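This is protein-v3.cif (mmCIF, C-alpha atoms; chains and numbers go by the auth columns).
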data_my_file
#
loop_
_atom_site.group_PDB
_atom_site.id
_atom_site.type_symbol
_atom_site.label_atom_id
_atom_site.label_comp_id
_atom_site.label_asym_id
_atom_site.label_seq_id
_atom_site.Cartn_x
_atom_site.Cartn_y
_atom_site.Cartn_z
_atom_site.B_iso_or_equiv
_atom_site.auth_seq_id
_atom_site.auth_asym_id
ATOM 1 C CA MET A 1 55.173 -99.311 21.284 0.00 28 A
ATOM 2 C CA ASN A 2 57.484 -100.481 18.515 0.00 29 A
ATOM 3 C CA SER A 3 55.490 -103.664 17.967 0.00 30 A
ATOM 4 C CA ILE A 4 52.232 -101.837 17.210 0.00 31 A
ATOM 5 C CA PRO A 5 51.437 -102.323 13.512 0.00 32 A
ATOM 6 C CA GLU A 6 51.281 -99.220 11.356 0.00 33 A
ATOM 7 C CA ALA A 7 48.075 -98.475 9.508 0.00 34 A
ATOM 8 C CA SER A 8 48.610 -97.587 5.882 0.00 35 A
ATOM 9 C CA ALA A 9 48.725 -93.896 5.066 0.00 36 A
ATOM 10 C CA ALA A 10 45.786 -94.333 2.726 0.00 37 A
ATOM 11 C CA ALA A 11 43.684 -95.965 5.444 0.00 38 A
ATOM 12 C CA VAL A 12 44.400 -93.191 7.947 0.00 39 A
ATOM 13 C CA ALA A 13 43.674 -90.505 5.365 0.00 40 A
ATOM 14 C CA GLY A 14 40.443 -92.214 4.352 0.00 41 A
ATOM 15 C CA ARG A 15 39.192 -92.535 7.901 0.00 42 A
ATOM 16 C CA LEU A 16 40.178 -88.933 8.621 0.00 43 A
ATOM 17 C CA THR A 17 38.126 -87.804 5.640 0.00 44 A
ATOM 18 C CA ALA A 18 35.157 -89.831 6.884 0.00 45 A
ATOM 19 C CA VAL A 19 35.380 -88.214 10.337 0.00 46 A
ATOM 20 C CA ARG A 20 35.538 -84.759 8.808 0.00 47 A
ATOM 21 C CA GLU A 21 32.429 -85.584 6.792 0.00 48 A
ATOM 22 C CA ARG A 22 30.667 -86.704 9.986 0.00 49 A
ATOM 23 C CA LEU A 23 31.663 -83.445 11.683 0.00 50 A
ATOM 24 C CA HIS A 24 30.431 -81.396 8.742 0.00 51 A
ATOM 25 C CA ALA A 25 27.106 -83.224 8.636 0.00 52 A
ATOM 26 C CA ALA A 26 26.642 -82.981 12.407 0.00 53 A
ATOM 27 C CA ALA A 27 27.287 -79.237 12.358 0.00 54 A
ATOM 28 C CA ILE A 28 24.815 -78.684 9.521 0.00 55 A
ATOM 29 C CA GLU A 29 22.199 -80.805 11.334 0.00 56 A
ATOM 30 C CA ALA A 30 22.707 -78.701 14.481 0.00 57 A
ATOM 31 C CA GLY A 31 22.431 -75.419 12.554 0.00 58 A
ATOM 32 C CA ARG A 32 26.081 -74.573 13.188 0.00 59 A
ATOM 33 C CA GLU A 33 28.895 -73.449 10.934 0.00 60 A
ATOM 34 C CA PRO A 34 30.856 -76.549 9.845 0.00 61 A
ATOM 35 C CA GLY A 35 34.145 -74.899 10.781 0.00 62 A
ATOM 36 C CA SER A 36 33.031 -74.173 14.342 0.00 63 A
ATOM 37 C CA VAL A 37 34.080 -77.604 15.647 0.00 64 A
ATOM 38 C CA ALA A 38 37.788 -78.476 15.752 0.00 65 A
ATOM 39 C CA LEU A 39 39.088 -82.029 15.502 0.00 66 A
ATOM 40 C CA LEU A 40 41.636 -83.459 17.927 0.00 67 A
ATOM 41 C CA ALA A 41 43.106 -86.712 16.624 0.00 68 A
ATOM 42 C CA VAL A 42 43.773 -88.984 19.598 0.00 69 A
ATOM 43 C CA SER A 43 46.954 -90.801 18.650 0.00 70 A
ATOM 44 C CA LYS A 44 47.736 -92.597 21.922 0.00 71 A
ATOM 45 C CA THR A 45 49.266 -96.065 21.359 0.00 72 A
ATOM 46 C CA LYS A 46 49.612 -95.324 17.642 0.00 73 A
ATOM 47 C CA PRO A 47 53.001 -95.189 15.881 0.00 74 A
ATOM 48 C CA VAL A 48 54.669 -92.091 14.499 0.00 75 A
ATOM 49 C CA ALA A 49 53.969 -93.269 10.970 0.00 76 A
ATOM 50 C CA ASP A 50 50.223 -92.982 11.568 0.00 77 A
ATOM 51 C CA ILE A 51 50.629 -89.436 12.858 0.00 78 A
ATOM 52 C CA ARG A 52 52.676 -88.581 9.774 0.00 79 A
ATOM 53 C CA ALA A 53 49.873 -89.967 7.614 0.00 80 A
ATOM 54 C CA ALA A 54 47.345 -87.761 9.387 0.00 81 A
ATOM 55 C CA LEU A 55 49.684 -84.770 9.062 0.00 82 A
ATOM 56 C CA ALA A 56 49.925 -85.386 5.330 0.00 83 A
ATOM 57 C CA ALA A 57 46.125 -85.327 5.223 0.00 84 A
ATOM 58 C CA GLY A 58 46.044 -81.913 6.912 0.00 85 A
ATOM 59 C CA GLN A 59 45.522 -82.797 10.587 0.00 86 A
ATOM 60 C CA ARG A 60 47.495 -80.616 13.010 0.00 87 A
ATOM 61 C CA ALA A 61 46.158 -81.260 16.535 0.00 88 A
ATOM 62 C CA PHE A 62 46.994 -84.543 18.274 0.00 89 A
ATOM 63 C CA GLY A 63 46.095 -85.862 21.714 0.00 90 A
ATOM 64 C CA GLU A 64 48.228 -88.125 23.892 0.00 91 A
ATOM 65 C CA ASN A 65 47.772 -89.427 27.415 0.00 92 A
ATOM 66 C CA TYR A 66 50.788 -91.681 28.012 0.00 93 A
ATOM 67 C CA LEU A 67 53.547 -89.235 28.804 0.00 94 A
ATOM 68 C CA ASP A 68 56.630 -91.345 28.045 0.00 95 A
ATOM 69 C CA GLU A 69 55.157 -92.460 24.733 0.00 96 A
ATOM 70 C CA ALA A 70 54.160 -88.908 23.892 0.00 97 A
ATOM 71 C CA GLN A 71 57.635 -87.539 24.533 0.00 98 A
ATOM 72 C CA THR A 72 59.107 -90.057 22.105 0.00 99 A
ATOM 73 C CA LYS A 73 56.633 -88.990 19.433 0.00 100 A
ATOM 74 C CA ILE A 74 57.146 -85.277 20.052 0.00 101 A
ATOM 75 C CA ALA A 75 60.904 -85.732 19.682 0.00 102 A
ATOM 76 C CA ALA A 76 60.472 -87.774 16.487 0.00 103 A
ATOM 77 C CA LEU A 77 58.237 -85.099 14.978 0.00 104 A
ATOM 78 C CA GLU A 78 60.263 -82.085 16.089 0.00 105 A
ATOM 79 C CA GLY A 79 59.921 -79.341 13.504 0.00 106 A
ATOM 80 C CA GLU A 80 56.455 -80.368 12.328 0.00 107 A
ATOM 81 C CA ARG A 81 53.655 -77.868 12.824 0.00 108 A
ATOM 82 C CA ILE A 82 51.690 -79.724 15.504 0.00 109 A
ATOM 83 C CA ASP A 83 49.540 -78.681 18.449 0.00 110 A
ATOM 84 C CA TRP A 84 50.144 -81.293 21.154 0.00 111 A
ATOM 85 C CA HIS A 85 47.356 -81.874 23.684 0.00 112 A
ATOM 86 C CA PHE A 86 47.870 -83.876 26.866 0.00 113 A
ATOM 87 C CA ILE A 87 44.490 -85.479 27.543 0.00 114 A
ATOM 88 C CA GLY A 88 45.242 -87.909 30.374 0.00 115 A
ATOM 89 C CA ALA A 89 44.997 -87.609 34.117 0.00 116 A
ATOM 90 C CA ILE A 90 47.736 -85.359 35.483 0.00 117 A
ATOM 91 C CA GLN A 91 49.722 -86.360 38.556 0.00 118 A
ATOM 92 C CA SER A 92 52.171 -84.021 40.261 0.00 119 A
ATOM 93 C CA ASN A 93 55.177 -85.933 38.934 0.00 120 A
ATOM 94 C CA LYS A 94 54.053 -85.271 35.350 0.00 121 A
ATOM 95 C CA THR A 95 53.511 -81.526 35.483 0.00 122 A
ATOM 96 C CA ARG A 96 57.024 -80.365 34.640 0.00 123 A
ATOM 97 C CA ARG A 97 57.241 -82.442 31.460 0.00 124 A
ATOM 98 C CA ILE A 98 53.717 -81.540 30.375 0.00 125 A
ATOM 99 C CA ALA A 99 54.383 -77.850 30.963 0.00 126 A
ATOM 100 C CA ALA A 100 57.549 -78.006 28.870 0.00 127 A
ATOM 101 C CA ARG A 101 56.328 -80.104 25.932 0.00 128 A
ATOM 102 C CA PHE A 102 52.619 -79.553 25.318 0.00 129 A
ATOM 103 C CA ASP A 103 50.438 -76.746 24.008 0.00 130 A
ATOM 104 C CA TRP A 104 47.310 -77.885 25.871 0.00 131 A
ATOM 105 C CA ALA A 105 46.475 -79.840 29.026 0.00 132 A
ATOM 106 C CA HIS A 106 42.917 -81.179 29.208 0.00 133 A
ATOM 107 C CA GLY A 107 42.903 -83.080 32.480 0.00 134 A
ATOM 108 C CA VAL A 108 43.264 -80.325 35.073 0.00 135 A
ATOM 109 C CA ASP A 109 40.997 -80.995 38.039 0.00 136 A
ATOM 110 C CA ARG A 110 42.911 -79.556 41.006 0.00 137 A
ATOM 111 C CA ASP A 111 44.173 -76.111 41.925 0.00 138 A
ATOM 112 C CA ARG A 112 47.558 -77.586 42.904 0.00 139 A
ATOM 113 C CA ILE A 113 48.066 -79.147 39.474 0.00 140 A
ATOM 114 C CA ALA A 114 47.200 -75.899 37.696 0.00 141 A
ATOM 115 C CA ARG A 115 49.653 -73.975 39.864 0.00 142 A
ATOM 116 C CA ARG A 116 52.441 -76.460 39.192 0.00 143 A
ATOM 117 C CA LEU A 117 51.823 -76.363 35.439 0.00 144 A
ATOM 118 C CA GLY A 118 51.940 -72.575 35.422 0.00 145 A
ATOM 119 C CA ALA A 119 55.025 -72.326 37.606 0.00 146 A
ATOM 120 C CA GLN A 120 56.854 -74.926 35.518 0.00 147 A
ATOM 121 C CA ARG A 121 55.966 -73.475 32.117 0.00 148 A
ATOM 122 C CA PRO A 122 59.328 -72.450 30.630 0.00 149 A
ATOM 123 C CA ALA A 123 60.007 -68.737 30.269 0.00 150 A
ATOM 124 C CA GLY A 124 59.525 -67.541 26.723 0.00 151 A
ATOM 125 C CA MET A 125 56.781 -70.045 25.884 0.00 152 A
ATOM 126 C CA ALA A 126 53.191 -68.965 25.394 0.00 153 A
ATOM 127 C CA PRO A 127 50.912 -69.790 28.330 0.00 154 A
ATOM 128 C CA LEU A 128 49.805 -73.419 28.498 0.00 155 A
ATOM 129 C CA ASN A 129 46.167 -73.692 27.456 0.00 156 A
ATOM 130 C CA ILE A 130 44.175 -75.671 30.002 0.00 157 A
ATOM 131 C CA CYS A 131 40.737 -77.238 30.141 0.00 158 A
ATOM 132 C CA LEU A 132 39.217 -78.195 33.461 0.00 159 A
ATOM 133 C CA GLN A 133 38.083 -81.799 33.508 0.00 160 A
ATOM 134 C CA VAL A 134 34.588 -82.352 34.902 0.00 161 A
ATOM 135 C CA ASN A 135 33.417 -85.680 36.332 0.00 162 A
ATOM 136 C CA ILE A 136 30.052 -85.059 34.733 0.00 163 A
ATOM 137 C CA ASP A 137 28.525 -88.384 35.817 0.00 164 A
ATOM 138 C CA ALA A 138 30.036 -88.359 39.326 0.00 165 A
ATOM 139 C CA GLU A 139 31.689 -91.728 38.626 0.00 166 A
ATOM 140 C CA PRO A 140 33.661 -93.068 41.604 0.00 167 A
ATOM 141 C CA GLY A 141 37.380 -93.174 40.981 0.00 168 A
ATOM 142 C CA LYS A 142 37.167 -91.174 37.760 0.00 169 A
ATOM 143 C CA ALA A 143 39.297 -88.066 37.260 0.00 170 A
ATOM 144 C CA GLY A 144 37.582 -84.711 37.175 0.00 171 A
ATOM 145 C CA VAL A 145 36.188 -82.062 39.440 0.00 172 A
ATOM 146 C CA GLU A 146 32.619 -82.471 40.659 0.00 173 A
ATOM 147 C CA PRO A 147 30.205 -80.023 38.994 0.00 174 A
ATOM 148 C CA ALA A 148 29.415 -78.356 42.324 0.00 175 A
ATOM 149 C CA GLU A 149 33.105 -77.552 42.837 0.00 176 A
ATOM 150 C CA LEU A 150 33.792 -76.328 39.322 0.00 177 A
ATOM 151 C CA ALA A 151 33.156 -72.607 39.820 0.00 178 A
ATOM 152 C CA ALA A 152 35.559 -72.463 42.767 0.00 179 A
ATOM 153 C CA LEU A 153 38.275 -74.259 40.811 0.00 180 A
ATOM 154 C CA ALA A 154 37.871 -71.957 37.804 0.00 181 A
ATOM 155 C CA ALA A 155 38.130 -68.910 40.051 0.00 182 A
ATOM 156 C CA ALA A 156 41.265 -70.298 41.704 0.00 183 A
ATOM 157 C CA VAL A 157 43.161 -70.998 38.491 0.00 184 A
ATOM 158 C CA ASP A 158 42.048 -68.182 36.196 0.00 185 A
ATOM 159 C CA GLY A 159 44.792 -65.611 35.896 0.00 186 A
ATOM 160 C CA LEU A 160 47.604 -67.796 37.207 0.00 187 A
ATOM 161 C CA PRO A 161 50.896 -67.032 35.423 0.00 188 A
ATOM 162 C CA GLY A 162 52.026 -69.542 32.838 0.00 189 A
ATOM 163 C CA ILE A 163 48.593 -70.935 32.005 0.00 190 A
ATOM 164 C CA ARG A 164 45.442 -69.775 30.271 0.00 191 A
ATOM 165 C CA LEU A 165 42.030 -71.133 31.205 0.00 192 A
ATOM 166 C CA ARG A 166 40.368 -72.034 27.910 0.00 193 A
ATOM 167 C CA GLY A 167 37.418 -74.253 28.787 0.00 194 A
ATOM 168 C CA LEU A 168 35.995 -77.535 29.999 0.00 195 A
ATOM 169 C CA MET A 169 36.312 -81.163 29.028 0.00 196 A
ATOM 170 C CA ALA A 170 34.575 -84.346 30.119 0.00 197 A
ATOM 171 C CA ILE A 171 34.468 -88.038 29.325 0.00 198 A
ATOM 172 C CA PRO A 172 30.884 -89.098 30.065 0.00 199 A
ATOM 173 C CA ALA A 173 30.038 -92.693 30.859 0.00 200 A
ATOM 174 C CA PRO A 174 29.216 -94.537 27.602 0.00 201 A
ATOM 175 C CA ARG A 175 25.643 -94.308 26.405 0.00 202 A
ATOM 176 C CA ARG A 176 24.211 -95.955 23.297 0.00 203 A
ATOM 177 C CA ASP A 177 21.063 -93.856 22.972 0.00 204 A
ATOM 178 C CA PHE A 178 21.478 -90.555 21.133 0.00 205 A
ATOM 179 C CA ASP A 179 19.060 -88.681 23.376 0.00 206 A
ATOM 180 C CA ALA A 180 20.911 -89.900 26.475 0.00 207 A
ATOM 181 C CA GLN A 181 24.235 -88.862 24.920 0.00 208 A
ATOM 182 C CA ARG A 182 22.829 -85.473 24.125 0.00 209 A
ATOM 183 C CA ALA A 183 21.405 -85.002 27.630 0.00 210 A
ATOM 184 C CA VAL A 184 24.759 -85.454 29.357 0.00 211 A
ATOM 185 C CA CYS A 185 26.464 -83.194 26.815 0.00 212 A
ATOM 186 C CA ALA A 186 23.804 -80.575 27.529 0.00 213 A
ATOM 187 C CA ARG A 187 24.694 -80.685 31.226 0.00 214 A
ATOM 188 C CA LEU A 188 28.319 -79.938 30.420 0.00 215 A
ATOM 189 C CA ARG A 189 27.305 -77.167 28.038 0.00 216 A
ATOM 190 C CA ARG A 190 25.224 -75.501 30.750 0.00 217 A
ATOM 191 C CA LEU A 191 28.176 -75.601 33.138 0.00 218 A
ATOM 192 C CA PHE A 192 30.360 -74.067 30.431 0.00 219 A
ATOM 193 C CA GLU A 193 27.885 -71.300 29.732 0.00 220 A
ATOM 194 C CA SER A 194 27.460 -70.506 33.427 0.00 221 A
ATOM 195 C CA LEU A 195 31.222 -70.048 33.846 0.00 222 A
ATOM 196 C CA ARG A 196 31.711 -67.790 30.861 0.00 223 A
ATOM 197 C CA ALA A 197 30.105 -64.828 32.613 0.00 224 A
ATOM 198 C CA ALA A 198 33.011 -64.774 35.060 0.00 225 A
ATOM 199 C CA HIS A 199 35.615 -66.114 32.637 0.00 226 A
ATOM 200 C CA PRO A 200 34.776 -64.667 29.196 0.00 227 A
ATOM 201 C CA GLN A 201 38.015 -65.909 27.622 0.00 228 A
ATOM 202 C CA MET A 202 36.745 -69.488 27.860 0.00 229 A
ATOM 203 C CA ASP A 203 36.101 -70.624 24.299 0.00 230 A
ATOM 204 C CA THR A 204 36.648 -74.389 24.324 0.00 231 A
ATOM 205 C CA LEU A 205 34.110 -77.090 25.133 0.00 232 A
ATOM 206 C CA SER A 206 35.922 -80.387 24.646 0.00 233 A
ATOM 207 C CA MET A 207 33.465 -83.267 24.511 0.00 234 A
ATOM 208 C CA GLY A 208 32.518 -85.982 22.079 0.00 235 A
ATOM 209 C CA MET A 209 34.446 -89.014 20.872 0.00 236 A
ATOM 210 C CA SER A 210 34.023 -91.581 18.109 0.00 237 A
ATOM 211 C CA GLY A 211 30.790 -92.967 19.548 0.00 238 A
ATOM 212 C CA ASP A 212 28.985 -89.749 20.485 0.00 239 A
ATOM 213 C CA LEU A 213 30.378 -87.115 18.137 0.00 240 A
ATOM 214 C CA GLU A 214 26.990 -86.097 16.743 0.00 241 A
ATOM 215 C CA ALA A 215 25.391 -85.599 20.166 0.00 242 A
ATOM 216 C CA ALA A 216 28.328 -83.489 21.331 0.00 243 A
ATOM 217 C CA VAL A 217 28.177 -81.246 18.271 0.00 244 A
ATOM 218 C CA ALA A 218 24.425 -80.842 18.704 0.00 245 A
ATOM 219 C CA GLU A 219 25.072 -79.531 22.220 0.00 246 A
ATOM 220 C CA GLY A 220 27.790 -77.054 21.338 0.00 247 A
ATOM 221 C CA ALA A 221 31.124 -78.890 21.431 0.00 248 A
ATOM 222 C CA THR A 222 33.909 -76.784 19.962 0.00 249 A
ATOM 223 C CA LEU A 223 36.460 -79.614 20.048 0.00 250 A
ATOM 224 C CA VAL A 224 35.892 -83.348 19.612 0.00 251 A
ATOM 225 C CA ARG A 225 38.486 -85.972 20.527 0.00 252 A
ATOM 226 C CA ILE A 226 38.515 -88.769 17.979 0.00 253 A
ATOM 227 C CA GLY A 227 40.842 -91.767 18.073 0.00 254 A
ATOM 228 C CA THR A 228 39.299 -95.058 16.971 0.00 255 A
ATOM 229 C CA ALA A 229 37.429 -93.614 13.992 0.00 256 A
ATOM 230 C CA ILE A 230 40.711 -92.207 12.621 0.00 257 A
ATOM 231 C CA PHE A 231 43.386 -94.696 13.636 0.00 258 A
ATOM 232 C CA GLY A 232 41.402 -97.874 14.180 0.00 259 A
ATOM 233 C CA ALA A 233 40.882 -99.792 17.400 0.00 260 A
ATOM 234 C CA ARG A 234 43.171 -98.756 20.224 0.00 261 A
ATOM 235 C CA LEU A 235 45.838 -101.360 20.949 0.00 262 A
ATOM 236 C CA PRO A 236 47.506 -101.929 24.325 0.00 263 A
ATOM 237 C CA THR A 237 50.880 -100.411 25.066 0.00 264 A
ATOM 238 C CA VAL A 238 53.792 -102.839 25.345 0.00 265 A
#
Could you take the file, read its structure, and then write that structure out as structure tokens?
Amino acid sequence: MNSIPEASAAAVAGRLTAVRERLHAAAIEAGREPGSVALLAVSKTKPVADIRAALAAGQRAFGENYLDEAQTKIAALEGERIDWHFIGAIQSNKTRRIAARFDWAHGVDRDRIARRLGAQRPAGMAPLNICLQVNIDAEPGKAGVEPAELAALAAAVDGLPGIRLRGLMAIPAPRRDFDAQRAVCARLRRLFESLRAAHPQMDTLSMGMSGDLEAAVAEGATLVRIGTAIFGARLPTV
């Protein structure tokens, strides 16, 4: 990670401003309040200096999915007012560290993982906010619960000690066409709405990235996960 070049603070701030303008415009176009969509800056593979630049520009929520890298960053930024979101796939051997270090976990797709996160959440910390990950396109080998199994998973994890069920997230297969992007986001929104009758505390619909932000906002996203448009192209870890 140390060999990854640092973007200038001005470049990060400028791109962050541009993303916020996109969010504002998308919300207005969809007839929504501009402040109704939160921005999660996906900082995976990016150096601490870039996160500091985003912090200086007013960003507070950051997403990571490489646990060792994330722990280094969290330690380096101890004392900063940051909401840390773990957005990667969660294996059993990661749950203890995620439960101890993060505010949110977005990749929960199994009852067993949710139970481990809750049981391993340190005493005295607020419950870990979780989003259930949905394999919305039924892609083989992709993380996420199948839509048909979602209601059962939500029922199994809601109310577990140490965690709080907040919503759903998905990473749809890439689509270039806006209408196609919007259609898959609409499917996730309908799943979200159907679950809220039984789980009224659910308030987070995490969908939309740099390439489909506008479609996600049009279909009710409350949180978009943006990396490339803020920090530039993602570079490989070393």
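Between atom CA of A:Gly247 and atom CA of A:Arg128 the interatomic distance comes to 29.1 Å.
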Inset, instruction - Find the residues near A:Arg214: any atom within 10 Å, counting only C-alpha atoms, skip ones fewer than 5 places away on the same chain, and give them as a list in words. - result: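 My reading of the contact set: Ile163, Asp164, Pro174, Arg209, Phe219 and Glu246 of chain A.
The residues returned by the PyMOL selection byres ((chain A and resi 139-145) around 7) for this structure are Ser119, Thr122, Arg123, Ala126, Val135, Arg137, Asp138, Ala146, Gln147, Arg148, Val184, Leu187, Pro188, Gly189 and Ile190 of chain A.
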With C-alpha atoms retained, export the selected residues as a CSV table (one decimal), keeping the file's coordinate frame.
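selection06.csv, written as the output of this step:
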chain,number,residue,atom,x,y,z
A,119,SER,CA,52.2,-84.0,40.3
A,122,THR,CA,53.5,-81.5,35.5
A,123,ARG,CA,57.0,-80.4,34.6
A,126,ALA,CA,54.4,-77.8,31.0
A,135,VAL,CA,43.3,-80.3,35.1
A,137,ARG,CA,42.9,-79.6,41.0
A,138,ASP,CA,44.2,-76.1,41.9
A,146,ALA,CA,55.0,-72.3,37.6
A,147,GLN,CA,56.9,-74.9,35.5
A,148,ARG,CA,56.0,-73.5,32.1
A,184,VAL,CA,43.2,-71.0,38.5
A,187,LEU,CA,47.6,-67.8,37.2
A,188,PRO,CA,50.9,-67.0,35.4
A,189,GLY,CA,52.0,-69.5,32.8
A,190,ILE,CA,48.6,-70.9,32.0
Inset, instruction - Identify all residues satisfying the PyMOL selection byres ((chain A and resi 42-53) around 12) in the given file; provide them as a PyMOL selection string. - result: chain A and resi 34-41+54-69+77-78+80-87+235-259
Inset, instruction - Would you list the contacts of A:Arg191 as a list in words, taking every protein, DNA or RNA residue within 10 Å and counting all atoms listed in the file, but skipping same-chain residues closer than 3 positions in sequence? - result: Trp131, Ala141, Gly145, Ala153, Pro154, Leu155, Asn156, Ile157, Cys158, Val184, Asp185, Gly186, Leu187, Pro188, Gly194, Gln228 and Met229 of chain A
